[in-house]
>>> print(open('data_30.pdb').read())   # PDB, C-alpha atoms and all ligand atoms
ATOM      1  CA  MET A   1      63.194 140.642  80.852
ATOM      2  CA  LYS A   2      61.740 138.408  83.588
ATOM      3  CA  VAL A   3      61.455 135.489  81.149
ATOM      4  CA  LYS A   4      65.050 136.002  80.065
ATOM      5  CA  GLY A   5      66.176 135.909  83.739
ATOM      6  CA  LEU A   6      64.297 132.663  84.381
ATOM      7  CA  PHE A   7      65.785 131.175  81.231
ATOM      8  CA  ILE A   8      69.308 132.015  82.398
ATOM      9  CA  ILE A   9      68.666 130.476  85.848
ATOM     10  CA  ALA A  10      67.237 127.316  84.226
ATOM     11  CA  LEU A  11      70.221 127.119  81.894
ATOM     12  CA  PHE A  12      72.597 127.498  84.849
ATOM     13  CA  ILE A  13      70.864 124.700  86.811
ATOM     14  CA  TRP A  14      70.865 122.460  83.737
ATOM     15  CA  SER A  15      74.534 123.062  83.028
ATOM     16  CA  CYS A  16      75.486 122.404  86.682
ATOM     17  CA  SER A  17      73.618 119.102  86.794
ATOM     18  CA  ASN A  18      75.092 117.899  83.499
ATOM     19  CA  LYS A  19      78.618 119.207  83.739
ATOM     20  CA  PRO A  20      81.131 116.381  84.145
ATOM     21  CA  ASN A  21      82.683 117.016  87.559
ATOM     22  CA  LYS A  22      86.031 117.762  86.018
ATOM     23  CA  PRO A  23      88.473 118.840  88.720
ATOM     24  CA  ASP A  24      90.595 121.976  88.196
ATOM     25  CA  VAL A  25      93.620 119.751  88.214
ATOM     26  CA  LYS A  26      93.317 116.260  86.771
ATOM     27  CA  MET A  27      94.446 113.651  89.304
ATOM     28  CA  ASP A  28      97.671 111.839  88.415
ATOM     29  CA  TRP A  29      96.122 108.660  89.750
ATOM     30  CA  ALA A  30      93.149 107.514  91.778
ATOM     31  CA  ILE A  31      91.931 104.226  93.216
ATOM     32  CA  ALA A  32      88.894 102.804  94.993
ATOM     33  CA  LEU A  33      88.170  99.320  96.298
ATOM     34  CA  HIS A  34      85.298  97.457  97.908
ATOM     35  CA  GLY A  35      84.871  94.318  99.962
ATOM     36  CA  GLY A  36      81.132  93.878  99.474
ATOM     37  CA  ALA A  37      77.922  95.705 100.313
ATOM     38  CA  GLY A  38      74.829  94.586 102.180
ATOM     39  CA  ASN A  39      72.783  94.935 105.315
ATOM     40  CA  ILE A  40      75.934  95.736 107.264
ATOM     41  CA  LEU A  41      75.189  97.277 110.673
ATOM     42  CA  PRO A  42      77.575  98.322 113.478
ATOM     43  CA  GLU A  43      75.758  96.119 116.021
ATOM     44  CA  ASP A  44      76.536  92.994 113.956
ATOM     45  CA  TYR A  45      80.303  93.452 114.304
ATOM     46  CA  THR A  46      82.515  93.521 117.406
ATOM     47  CA  LYS A  47      85.103  96.292 117.680
ATOM     48  CA  GLU A  48      87.828  93.719 116.889
ATOM     49  CA  GLN A  49      85.998  92.539 113.752
ATOM     50  CA  GLN A  50      85.574  96.121 112.537
ATOM     51  CA  GLU A  51      89.263  96.781 113.166
ATOM     52  CA  ALA A  52      90.225  93.651 111.221
ATOM     53  CA  TYR A  53      88.200  94.793 108.193
ATOM     54  CA  ILE A  54      89.659  98.309 108.376
ATOM     55  CA  HIS A  55      93.169  96.866 108.650
ATOM     56  CA  HIS A  56      92.799  94.677 105.550
ATOM     57  CA  LEU A  57      91.046  97.381 103.512
ATOM     58  CA  ASN A  58      93.888  99.754 104.409
ATOM     59  CA  TYR A  59      96.520  97.205 103.497
ATOM     60  CA  ALA A  60      94.875  96.508 100.135
ATOM     61  CA  LEU A  61      94.659 100.258  99.489
ATOM     62  CA  GLU A  62      98.373 100.692 100.224
ATOM     63  CA  ILE A  63      99.211  97.992  97.649
ATOM     64  CA  GLY A  64      97.284  99.890  94.971
ATOM     65  CA  LYS A  65      98.633 103.318  96.020
ATOM     66  CA  LYS A  66     102.209 102.126  95.808
ATOM     67  CA  ILE A  67     101.784 100.712  92.311
ATOM     68  CA  LEU A  68     100.004 103.803  90.967
ATOM     69  CA  SER A  69     102.203 106.440  92.648
ATOM     70  CA  GLU A  70     105.318 104.732  91.268
ATOM     71  CA  GLY A  71     103.912 104.887  87.740
ATOM     72  CA  GLY A  72     102.530 101.338  87.522
ATOM     73  CA  THR A  73      99.484 100.528  85.449
ATOM     74  CA  SER A  74      95.876 100.614  86.634
ATOM     75  CA  LEU A  75      95.542  96.974  85.528
ATOM     76  CA  ASP A  76      98.401  95.881  87.786
ATOM     77  CA  ALA A  77      96.987  97.897  90.690
ATOM     78  CA  VAL A  78      93.534  96.335  90.241
ATOM     79  CA  GLU A  79      94.905  92.792  89.919
ATOM     80  CA  GLN A  80      97.282  93.035  92.896
ATOM     81  CA  VAL A  81      94.728  94.683  95.205
ATOM     82  CA  ILE A  82      92.169  92.002  94.366
ATOM     83  CA  ARG A  83      94.707  89.186  94.786
ATOM     84  CA  TYR A  84      95.380  90.441  98.315
ATOM     85  CA  MET A  85      91.665  90.521  99.096
ATOM     86  CA  GLU A  86      91.157  87.066  97.561
ATOM     87  CA  ASP A  87      93.804  85.676  99.926
ATOM     88  CA  CYS A  88      92.125  87.282 102.948
ATOM     89  CA  PRO A  89      89.431  84.967 104.422
ATOM     90  CA  LEU A  90      87.307  87.915 105.571
ATOM     91  CA  PHE A  91      86.002  88.556 102.064
ATOM     92  CA  ASN A  92      83.766  86.494  99.796
ATOM     93  CA  ALA A  93      86.345  85.930  97.065
ATOM     94  CA  GLY A  94      89.236  83.485  96.706
ATOM     95  CA  LYS A  95      89.969  81.911 100.112
ATOM     96  CA  GLY A  96      86.802  83.232 101.779
ATOM     97  CA  ALA A  97      84.390  82.326  98.960
ATOM     98  CA  VAL A  98      80.880  81.342 100.049
ATOM     99  CA  PHE A  99      79.331  77.909  99.484
ATOM    100  CA  THR A 100      76.763  76.825  96.937
ATOM    101  CA  HIS A 101      73.611  75.006  98.045
ATOM    102  CA  ASP A 102      75.408  71.648  97.748
ATOM    103  CA  GLY A 103      78.439  72.775  99.744
ATOM    104  CA  LYS A 104      80.883  73.573  96.928
ATOM    105  CA  ASN A 105      82.697  76.790  95.961
ATOM    106  CA  GLU A 106      82.273  78.245  92.478
ATOM    107  CA  LEU A 107      84.187  81.446  91.887
ATOM    108  CA  ASP A 108      83.688  84.235  89.326
ATOM    109  CA  ALA A 109      86.013  87.107  88.376
ATOM    110  CA  ALA A 110      86.550  89.687  85.646
ATOM    111  CA  ILE A 111      89.053  92.368  84.726
ATOM    112  CA  MET A 112      88.673  95.091  82.106
ATOM    113  CA  ASP A 113      91.165  97.463  80.528
ATOM    114  CA  GLY A 114      89.571 100.821  79.675
ATOM    115  CA  ASN A 115      92.287 101.304  77.077
ATOM    116  CA  GLY A 116      90.934  99.418  74.064
ATOM    117  CA  LEU A 117      88.072  97.734  75.935
ATOM    118  CA  ARG A 118      90.062  94.559  76.516
ATOM    119  CA  VAL A 119      88.403  92.001  78.793
ATOM    120  CA  GLY A 120      89.046  88.717  80.587
ATOM    121  CA  ALA A 121      86.560  86.808  82.726
ATOM    122  CA  VAL A 122      86.160  83.394  84.350
ATOM    123  CA  ALA A 123      83.079  81.823  85.938
ATOM    124  CA  GLY A 124      82.303  78.752  88.023
ATOM    125  CA  VAL A 125      85.947  77.908  88.702
ATOM    126  CA  ARG A 126      86.627  75.562  91.610
ATOM    127  CA  ASP A 127      90.375  75.226  91.966
ATOM    128  CA  ILE A 128      92.052  78.490  90.943
ATOM    129  CA  LYS A 129      93.588  80.216  93.970
ATOM    130  CA  ASN A 130      93.319  83.707  92.491
ATOM    131  CA  PRO A 131      90.505  83.937  89.932
ATOM    132  CA  ILE A 132      91.319  87.590  89.162
ATOM    133  CA  SER A 133      94.704  86.518  87.768
ATOM    134  CA  ALA A 134      93.011  83.777  85.727
ATOM    135  CA  ALA A 135      90.741  86.476  84.287
ATOM    136  CA  ARG A 136      93.812  88.563  83.439
ATOM    137  CA  LEU A 137      95.379  85.544  81.698
ATOM    138  CA  VAL A 138      92.221  85.075  79.619
ATOM    139  CA  MET A 139      92.516  88.742  78.609
ATOM    140  CA  ASP A 140      96.260  88.781  77.946
ATOM    141  CA  LYS A 141      96.987  85.278  76.725
ATOM    142  CA  SER A 142      93.916  83.915  74.988
ATOM    143  CA  GLU A 143      91.873  84.906  71.957
ATOM    144  CA  HIS A 144      88.725  84.806  74.117
ATOM    145  CA  VAL A 145      87.141  87.074  76.700
ATOM    146  CA  PHE A 146      85.171  84.664  78.897
ATOM    147  CA  MET A 147      85.911  81.077  79.993
ATOM    148  CA  ILE A 148      84.046  78.833  82.430
ATOM    149  CA  GLY A 149      84.544  75.856  84.732
ATOM    150  CA  LYS A 150      87.063  73.149  83.953
ATOM    151  CA  GLY A 151      88.128  74.729  80.658
ATOM    152  CA  ALA A 152      88.986  77.975  82.418
ATOM    153  CA  SER A 153      90.990  76.073  85.055
ATOM    154  CA  LEU A 154      92.908  74.044  82.471
ATOM    155  CA  PHE A 155      93.741  77.180  80.521
ATOM    156  CA  ALA A 156      94.807  79.124  83.640
ATOM    157  CA  LYS A 157      96.967  76.188  84.765
ATOM    158  CA  SER A 158      98.655  75.992  81.354
ATOM    159  CA  GLN A 159      99.543  79.677  81.757
ATOM    160  CA  GLY A 160     101.081  79.189  85.199
ATOM    161  CA  ALA A 161      98.176  80.119  87.497
ATOM    162  CA  GLU A 162      98.246  78.516  90.935
ATOM    163  CA  ILE A 163      95.800  75.607  91.249
ATOM    164  CA  VAL A 164      94.658  74.441  94.689
ATOM    165  CA  ASP A 165      92.635  71.561  96.075
ATOM    166  CA  SER A 166      89.024  72.679  96.453
ATOM    167  CA  SER A 167      89.307  72.155 100.245
ATOM    168  CA  TYR A 168      91.498  75.300 100.262
ATOM    169  CA  PHE A 169      88.301  77.378 100.042
ATOM    170  CA  PHE A 170      86.798  75.951 103.224
ATOM    171  CA  THR A 171      86.330  78.554 105.969
ATOM    172  CA  GLU A 172      84.244  78.167 109.096
ATOM    173  CA  LYS A 173      82.618  81.533 108.431
ATOM    174  CA  SER A 174      81.343  80.638 104.945
ATOM    175  CA  TRP A 175      80.260  77.139 106.079
ATOM    176  CA  LYS A 176      78.217  78.538 108.980
ATOM    177  CA  SER A 177      76.703  81.096 106.661
ATOM    178  CA  LEU A 178      75.510  78.255 104.375
ATOM    179  CA  GLN A 179      74.072  76.328 107.354
ATOM    180  CA  ARG A 180      72.108  79.432 108.410
ATOM    181  CA  ALA A 181      70.853  79.905 104.862
ATOM    182  CA  LEU A 182      69.835  76.219 104.608
ATOM    183  CA  GLU A 183      67.897  76.433 107.854
ATOM    184  CA  LYS A 184      65.866  79.314 106.495
ATOM    185  CA  GLU A 185      65.852  78.290 102.846
ATOM    186  CA  ASN A 186      64.129  81.411 101.609
ATOM    187  CA  GLN A 187      66.042  83.916 103.638
ATOM    188  CA  LYS A 188      69.009  85.405 101.803
ATOM    189  CA  ASP A 189      72.205  85.650 103.810
ATOM    190  CA  LYS A 190      72.350  89.348 104.496
ATOM    191  CA  LYS A 191      76.088  89.939 104.277
ATOM    192  CA  MET A 192      77.907  90.029 100.985
ATOM    193  CA  GLY A 193      81.671  90.218 100.617
ATOM    194  CA  THR A 194      82.577  90.361  96.953
ATOM    195  CA  VAL A 195      85.764  92.338  96.286
ATOM    196  CA  GLY A 196      86.489  94.881  93.575
ATOM    197  CA  CYS A 197      88.889  97.610  92.571
ATOM    198  CA  VAL A 198      88.919 100.474  90.050
ATOM    199  CA  ALA A 199      91.881 102.667  89.174
ATOM    200  CA  LEU A 200      93.178 105.493  87.000
ATOM    201  CA  ASP A 201      96.915 105.473  86.318
ATOM    202  CA  LYS A 202      99.393 108.202  85.380
ATOM    203  CA  LEU A 203      99.022 107.351  81.685
ATOM    204  CA  GLY A 204      95.298 108.104  81.911
ATOM    205  CA  ASN A 205      94.236 104.470  81.597
ATOM    206  CA  LEU A 206      91.260 103.186  83.559
ATOM    207  CA  ALA A 207      90.812  99.603  84.767
ATOM    208  CA  ALA A 208      88.206  97.673  86.758
ATOM    209  CA  GLY A 209      88.197  94.238  88.355
ATOM    210  CA  THR A 210      85.827  92.216  90.534
ATOM    211  CA  SER A 211      86.063  88.776  92.172
ATOM    212  CA  THR A 212      83.523  86.738  94.144
ATOM    213  CA  GLY A 213      82.331  83.438  95.492
ATOM    214  CA  GLY A 214      78.847  84.570  94.449
ATOM    215  CA  MET A 215      75.893  84.344  96.809
ATOM    216  CA  THR A 216      75.602  81.887  99.704
ATOM    217  CA  ASN A 217      73.318  78.937  98.904
ATOM    218  CA  LYS A 218      73.342  79.682  95.156
ATOM    219  CA  LYS A 219      72.413  76.844  92.810
ATOM    220  CA  TYR A 220      75.081  74.696  91.172
ATOM    221  CA  GLY A 221      76.023  76.490  87.933
ATOM    222  CA  ARG A 222      74.613  79.910  88.855
ATOM    223  CA  VAL A 223      76.694  82.794  87.500
ATOM    224  CA  GLY A 224      76.303  86.282  88.937
ATOM    225  CA  ASP A 225      76.994  89.773  87.645
ATOM    226  CA  VAL A 226      80.710  89.879  88.472
ATOM    227  CA  PRO A 227      82.106  88.218  85.315
ATOM    228  CA  ILE A 228      79.385  89.669  83.063
ATOM    229  CA  ILE A 229      80.937  92.681  81.402
ATOM    230  CA  GLY A 230      78.686  95.723  81.730
ATOM    231  CA  ALA A 231      76.854  94.232  84.724
ATOM    232  CA  GLY A 232      79.321  93.935  87.632
ATOM    233  CA  THR A 233      82.481  95.117  85.892
ATOM    234  CA  TYR A 234      83.205  97.711  83.204
ATOM    235  CA  ALA A 235      85.974 100.143  82.160
ATOM    236  CA  ASN A 236      86.207 102.581  79.277
ATOM    237  CA  ASN A 237      88.881 105.282  78.970
ATOM    238  CA  ASN A 238      86.253 107.656  77.527
ATOM    239  CA  THR A 239      84.113 107.520  80.649
ATOM    240  CA  CYS A 240      84.819 105.545  83.804
ATOM    241  CA  ALA A 241      85.740 102.259  85.479
ATOM    242  CA  VAL A 242      83.114 100.540  87.652
ATOM    243  CA  SER A 243      83.071  97.531  89.985
ATOM    244  CA  ALA A 244      79.811  96.447  91.607
ATOM    245  CA  THR A 245      78.674  94.370  94.549
ATOM    246  CA  GLY A 246      75.217  93.264  95.552
ATOM    247  CA  HIS A 247      72.376  91.035  94.413
ATOM    248  CA  GLY A 248      73.864  89.939  91.090
ATOM    249  CA  GLU A 249      70.647  89.050  89.270
ATOM    250  CA  PHE A 250      69.538  92.699  89.478
ATOM    251  CA  PHE A 251      72.931  94.002  88.378
ATOM    252  CA  ILE A 252      72.743  91.773  85.297
ATOM    253  CA  ARG A 253      69.175  92.747  84.415
ATOM    254  CA  TYR A 254      69.934  96.456  84.781
ATOM    255  CA  THR A 255      73.429  96.250  83.174
ATOM    256  CA  VAL A 256      74.493  98.499  86.021
ATOM    257  CA  SER A 257      78.142  99.259  85.307
ATOM    258  CA  HIS A 258      77.651  99.888  81.587
ATOM    259  CA  ASP A 259      74.545 101.963  82.294
ATOM    260  CA  ILE A 260      76.641 104.343  84.403
ATOM    261  CA  SER A 261      79.209 104.646  81.614
ATOM    262  CA  ALA A 262      76.495 105.124  78.969
ATOM    263  CA  LEU A 263      74.827 107.931  80.933
ATOM    264  CA  MET A 264      78.167 109.720  80.973
ATOM    265  CA  GLU A 265      78.971 109.038  77.332
ATOM    266  CA  TYR A 266      75.603 109.734  75.723
ATOM    267  CA  LYS A 267      73.931 112.073  78.205
ATOM    268  CA  GLY A 268      76.962 113.960  79.514
ATOM    269  CA  LEU A 269      76.170 113.173  83.155
ATOM    270  CA  SER A 270      78.899 113.437  85.766
ATOM    271  CA  LEU A 271      80.116 110.166  87.330
ATOM    272  CA  GLU A 272      78.410 111.079  90.594
ATOM    273  CA  ALA A 273      75.066 111.861  88.925
ATOM    274  CA  ALA A 274      75.168 108.724  86.750
ATOM    275  CA  ALA A 275      76.007 106.433  89.686
ATOM    276  CA  ASN A 276      73.324 108.017  91.834
ATOM    277  CA  LEU A 277      70.682 107.632  89.129
ATOM    278  CA  VAL A 278      71.475 103.978  88.509
ATOM    279  CA  VAL A 279      72.071 102.773  92.091
ATOM    280  CA  ASN A 280      69.804 104.973  94.189
ATOM    281  CA  ILE A 281      66.937 105.436  91.763
ATOM    282  CA  LYS A 282      66.744 102.692  89.111
ATOM    283  CA  LEU A 283      68.091  99.768  91.148
ATOM    284  CA  GLU A 284      66.478 100.879  94.383
ATOM    285  CA  LYS A 285      63.079 101.102  92.683
ATOM    286  CA  ALA A 286      63.532  97.579  91.291
ATOM    287  CA  GLY A 287      64.496  96.200  94.729
ATOM    288  CA  GLY A 288      68.117  95.538  93.714
ATOM    289  CA  LYS A 289      70.363  95.968  96.738
ATOM    290  CA  GLY A 290      74.073  96.754  96.501
ATOM    291  CA  GLY A 291      76.646  99.340  95.623
ATOM    292  CA  ILE A 292      79.361 100.358  93.200
ATOM    293  CA  ILE A 293      82.768 101.992  93.270
ATOM    294  CA  ALA A 294      83.855 104.012  90.240
ATOM    295  CA  VAL A 295      86.492 106.407  88.981
ATOM    296  CA  ASP A 296      86.264 108.635  85.910
ATOM    297  CA  LYS A 297      88.957 109.705  83.466
ATOM    298  CA  TYR A 298      89.723 112.835  85.548
ATOM    299  CA  GLY A 299      90.208 110.869  88.752
ATOM    300  CA  ASN A 300      86.844 111.728  90.327
ATOM    301  CA  LEU A 301      85.725 108.891  92.567
ATOM    302  CA  THR A 302      82.338 107.738  93.730
ATOM    303  CA  LEU A 303      81.376 105.007  96.200
ATOM    304  CA  THR A 304      77.598 104.713  95.986
ATOM    305  CA  MET A 305      75.315 102.218  97.750
ATOM    306  CA  ASN A 306      71.649 101.654  98.520
ATOM    307  CA  THR A 307      72.500  99.331 101.438
ATOM    308  CA  THR A 308      73.368 100.135 105.062
ATOM    309  CA  GLY A 309      77.043  99.479 104.446
ATOM    310  CA  MET A 310      79.821  98.667 102.029
ATOM    311  CA  PHE A 311      83.386  97.765 102.960
ATOM    312  CA  ARG A 312      85.249 100.389 100.976
ATOM    313  CA  ALA A 313      88.298 102.609 100.584
ATOM    314  CA  PHE A 314      89.751 105.170  98.211
ATOM    315  CA  ALA A 315      92.840 107.327  97.679
ATOM    316  CA  ASN A 316      94.122 109.747  95.055
ATOM    317  CA  SER A 317      97.256 111.649  94.098
ATOM    318  CA  ASN A 318      95.895 114.759  95.877
ATOM    319  CA  GLY A 319      96.337 113.018  99.210
ATOM    320  CA  ASP A 320      92.618 112.368  99.807
ATOM    321  CA  GLN A 321      92.040 109.023 101.473
ATOM    322  CA  MET A 322      89.248 107.156 103.250
ATOM    323  CA  VAL A 323      88.492 103.691 104.615
ATOM    324  CA  SER A 324      84.964 103.005 105.775
ATOM    325  CA  ILE A 325      82.316 100.333 106.429
ATOM    326  CA  PHE A 326      78.940 101.798 107.335
ATOM    327  CA  ARG A 327      76.867 104.294 105.405
TER     328      ARG A 327
HETATM  329  N1  LIG B 401      77.323  90.353  93.114
HETATM  330  C1  LIG B 401      77.717  89.079  93.640
HETATM  331  C2  LIG B 401      76.938  87.997  92.956
HETATM  332  O1  LIG B 401      75.741  88.152  92.778
HETATM  333  C3  LIG B 401      77.530  88.969  95.128
HETATM  334  C4  LIG B 401      78.030  90.125  95.951
HETATM  335  O2  LIG B 401      78.413  91.153  95.438
HETATM  336  O3  LIG B 401      78.076  89.985  97.166
HETATM  337  O4  LIG B 401      77.480  86.984  92.629
END
>>> encode(input="data_30.pdb", output="structure tokens", more="lines below")
Ligand code: ASP
Amino acid sequence: MKVKGLFIIALFIWSCSNKPNKPDVKMDWAIALHGGAGNILPEDYTKEQQEAYIHHLNYALEIGKKILSEGGTSLDAVEQVIRYMEDCPLFNAGKGAVFTHDGKNELDAAIMDGNGLRVGAVAGVRDIKNPISAARLVMDKSEHVFMIGKGASLFAKSQGAEIVDSSYFFTEKSWKSLQRALEKENQKDKKMGTVGCVALDKLGNLAAGTSTGGMTNKKYGRVGDVPIIGAGTYANNNTCAVSATGHGEFFIRYTVSHDISALMEYKGLSLEAAANLVVNIKLEKAGGKGGIIAVDKYGNLTLTMNTTGMFRAFANSNGDQMVSIFR
């Protein structure tokens, strides 16, 4: 009798920890976005700086909410939210991209459609104003999934993407950040500002996108996790959509975003449990700092980090909403 009781308790605990956190009512739509994770502490930002970040995160969120609530696609929401963040110099993507060791900007971006596992990615581009839209063009208009450098720019231009002079990407903030990094060659710049967005639309389609200037002081030709599908970006209608930010080399080695999806698909873990296992246990143990935002096919959201902060926001069709910076 006693053994039977213990067995039932164990079974209950097991089923709770493995049950996908399916809400009673499936969300019509849900969205989350990030503007980078890192050693982000309140004392490093003035009140005005914090307000500026909150303002732009809110604005980006409203763009995505409007598209999704009016029945638009998750892909459009992801692309438009990221375009806004790329144009905002506060973030390390598009306009605000960081500098390489030799003072250039090399941008990476990827977008993935969870419906059919369609993908587009670009890496090392130097003159595309909105790399996320170039990634979308690779997905929609080419027979490829990943293009780099000059070839990616020429293709994007031929498809109508806006090309800018590379001086467009100069910002005082990113330049100073490179000078600080050069002074202390071995010390990584502690703030990261990659942008990303994940969304579920009313048709039940998931999408993920991420865009970045990479890491300050990176070597010429270095590519991070962002455009590597399954590392920094992944979406699959059967499981979830994930966008990551952090020390890219670790996210590549641990195939972070696909690992979260695989734990859900093959092990039946909930989104929350899978994200926690990968970010707070596996990555943390390896010394890989960063965070992820993710949404599953029911509209459950998770914003998980092993850093002191992540610029982030989410909203869903239930009226839940949050914008936040610190842990
Ligand atoms: N993950 C990006 C990279 O390694 C950087 C970041 O997220 O801040 O390129």
>>> atom_distance(input="data_30.pdb", atom1="CA of Leu182 (chain A)", atom2="atom O4 of ligand LIG 401 (chain B)")
17.8 Å
>>> resolve_selection(input="data_30.pdb", expression="the PyMOL selection byres (((chain A and resi 46-57) around 12) and not hetatm)", output="PyMOL selection string")
chain A and resi 32-36+40-45+58-64+81-82+84-91+193+195-197+310-315+321-326
>>> axis_aligned_box(input="data_30.pdb", around="ligand LIG 401 (chain B)", padding_each_side="4 Å", output="JSON")
{"center_x": 77.1, "center_y": 89.1, "center_z": 94.9, "size_x": 10.7, "size_y": 12.2, "size_z": 12.5}
>>> closest_residue(input="data_30.pdb", among="A:Gly309, A:Gly214, A:Gly230, A:Gly96", to="Val242 (chain A)", atoms="only C-alpha atoms")
A:Gly230
>>> resolve_selection(input="data_30.pdb", expression="the PyMOL selection byres (((not hetatm)) within 9 of (chain B and resi 401))", output="ChimeraX atom specification")
/A:35-38,92,107-108,191-195,210-216,218,222-227,232,244-252,290-291
>>> closest_residue(input="data_30.pdb", among="A:Ala123, A:Met305, A:Val279, A:Leu137", to="Ile229 (chain A)", atoms="only C-alpha atoms")
A:Ala123
>>> closest_residue(input="data_30.pdb", among="A:Val198, A:Lys65, A:Ile260, A:Leu154", to="Ile293 (chain A)", atoms="all atoms listed in the file")
A:Val198
>>> resolve_selection(input="data_30.pdb", expression="the PyMOL selection byres (((chain A and resi 146) around 7) and not hetatm)", output="list in words")
Gly120, Ala121, Val122, His144, Val145, Met147 and Ile148 of chain A
>>> write_last_selection(input="data_30.pdb", atoms="C-alpha atoms", output="mmCIF file, in the frame of the given file")
data_model
loop_
_atom_site.group_PDB
_atom_site.id
_atom_site.type_symbol
_atom_site.label_atom_id
_atom_site.label_comp_id
_atom_site.auth_asym_id
_atom_site.auth_seq_id
_atom_site.Cartn_x
_atom_site.Cartn_y
_atom_site.Cartn_z
ATOM 1 C CA GLY A 120 89.046 88.717 80.587
ATOM 2 C CA ALA A 121 86.560 86.808 82.726
ATOM 3 C CA VAL A 122 86.160 83.394 84.350
ATOM 4 C CA HIS A 144 88.725 84.806 74.117
ATOM 5 C CA VAL A 145 87.141 87.074 76.700
ATOM 6 C CA MET A 147 85.911 81.077 79.993
ATOM 7 C CA ILE A 148 84.046 78.833 82.430
#
>>> closest_residue(input="data_30.pdb", among="A:Val98, A:Val278, A:Ile111, A:Val78", to="Ala134 (chain A)", atoms="all atoms listed in the file")
A:Ile111
>>> closest_residue(input="data_30.pdb", among="A:Arg118, A:Arg126, A:His258, A:Lys282", to="Ser142 (chain A)", atoms="all atoms listed in the file")
A:Arg118
>>> residues_around(input="data_30.pdb", residues="Gly71 (chain A)", least_positions_apart="3", cutoff="8 Å", atoms="only C-alpha atoms", output="ChimeraX atom specification")
/A:67-68,201-202
>>> atom_distance(input="data_30.pdb", atom1="CA of Ala161 (chain A)", atom2="CA of Ser177 (chain A)")
28.8 Å
>>> residues_near_point(input="data_30.pdb", point="(81.2, 108.0, 95.1)", cutoff="10 Å", atoms="only C-alpha atoms", output="JSON, numbers by chain")
{"A": [32, 271, 272, 273, 275, 276, 291, 292, 293, 294, 295, 300, 301, 302, 303, 304, 305, 314]}
>>> write_last_selection(input="data_30.pdb", atoms="C-alpha atoms", output="PDB file, keeping the file's coordinate frame")
ATOM      1  CA  ALA A  32      88.894 102.804  94.993  1.00  0.00           C
ATOM      2  CA  LEU A 271      80.116 110.166  87.330  1.00  0.00           C
ATOM      3  CA  GLU A 272      78.410 111.079  90.594  1.00  0.00           C
ATOM      4  CA  ALA A 273      75.066 111.861  88.925  1.00  0.00           C
ATOM      5  CA  ALA A 275      76.007 106.433  89.686  1.00  0.00           C
ATOM      6  CA  ASN A 276      73.324 108.017  91.834  1.00  0.00           C
ATOM      7  CA  GLY A 291      76.646  99.340  95.623  1.00  0.00           C
ATOM      8  CA  ILE A 292      79.361 100.358  93.200  1.00  0.00           C
ATOM      9  CA  ILE A 293      82.768 101.992  93.270  1.00  0.00           C
ATOM     10  CA  ALA A 294      83.855 104.012  90.240  1.00  0.00           C
ATOM     11  CA  VAL A 295      86.492 106.407  88.981  1.00  0.00           C
ATOM     12  CA  ASN A 300      86.844 111.728  90.327  1.00  0.00           C
ATOM     13  CA  LEU A 301      85.725 108.891  92.567  1.00  0.00           C
ATOM     14  CA  THR A 302      82.338 107.738  93.730  1.00  0.00           C
ATOM     15  CA  LEU A 303      81.376 105.007  96.200  1.00  0.00           C
ATOM     16  CA  THR A 304      77.598 104.713  95.986  1.00  0.00           C
ATOM     17  CA  MET A 305      75.315 102.218  97.750  1.00  0.00           C
ATOM     18  CA  PHE A 314      89.751 105.170  98.211  1.00  0.00           C
TER      19      PHE A 314
END
>>> atom_distance(input="data_30.pdb", atom1="CA of Thr171 (chain A)", atom2="CA of Gly151 (chain A)")
25.7 Å
>>> closest_residue(input="data_30.pdb", among="A:Arg253, A:Lys267, A:Lys297, A:Lys150", to="Ala199 (chain A)", atoms="only C-alpha atoms")
A:Lys297
>>> residues_around(input="data_30.pdb", residues="Leu117 (chain A)", least_positions_apart="2", cutoff="9 Å", atoms="all atoms listed in the file", output="ChimeraX atom specification")
/A:112-115,119,234-237
>>> build_atoms(input="data_30.pdb", residues="region 49-56 of chain A", atoms="N, CA and C atoms", output="mmCIF file, keeping the file's coordinate frame")
data_model
loop_
_atom_site.group_PDB
_atom_site.id
_atom_site.type_symbol
_atom_site.label_atom_id
_atom_site.label_comp_id
_atom_site.auth_asym_id
_atom_site.auth_seq_id
_atom_site.Cartn_x
_atom_site.Cartn_y
_atom_site.Cartn_z
ATOM 1 N N GLN A 49 86.334 92.908 115.145
ATOM 2 C CA GLN A 49 85.998 92.539 113.752
ATOM 3 C C GLN A 49 86.066 93.771 112.846
ATOM 4 N N GLN A 50 85.542 94.886 113.344
ATOM 5 C CA GLN A 50 85.574 96.121 112.537
ATOM 6 C C GLN A 50 87.019 96.536 112.273
ATOM 7 N N GLU A 51 87.846 96.413 113.327
ATOM 8 C CA GLU A 51 89.263 96.781 113.166
ATOM 9 C C GLU A 51 89.961 95.885 112.147
ATOM 10 N N ALA A 52 89.600 94.591 112.168
ATOM 11 C CA ALA A 52 90.225 93.651 111.221
ATOM 12 C C ALA A 52 89.870 94.039 109.782
ATOM 13 N N TYR A 53 88.602 94.370 109.547
ATOM 14 C CA TYR A 53 88.200 94.793 108.193
ATOM 15 C C TYR A 53 88.952 96.060 107.789
ATOM 16 N N ILE A 54 88.986 97.040 108.696
ATOM 17 C CA ILE A 54 89.659 98.309 108.376
ATOM 18 C C ILE A 54 91.139 98.057 108.058
ATOM 19 N N HIS A 55 91.751 97.178 108.860
ATOM 20 C CA HIS A 55 93.169 96.866 108.650
ATOM 21 C C HIS A 55 93.399 96.302 107.240
ATOM 22 N N HIS A 56 92.577 95.321 106.858
ATOM 23 C CA HIS A 56 92.799 94.677 105.550
ATOM 24 C C HIS A 56 92.415 95.594 104.380
#
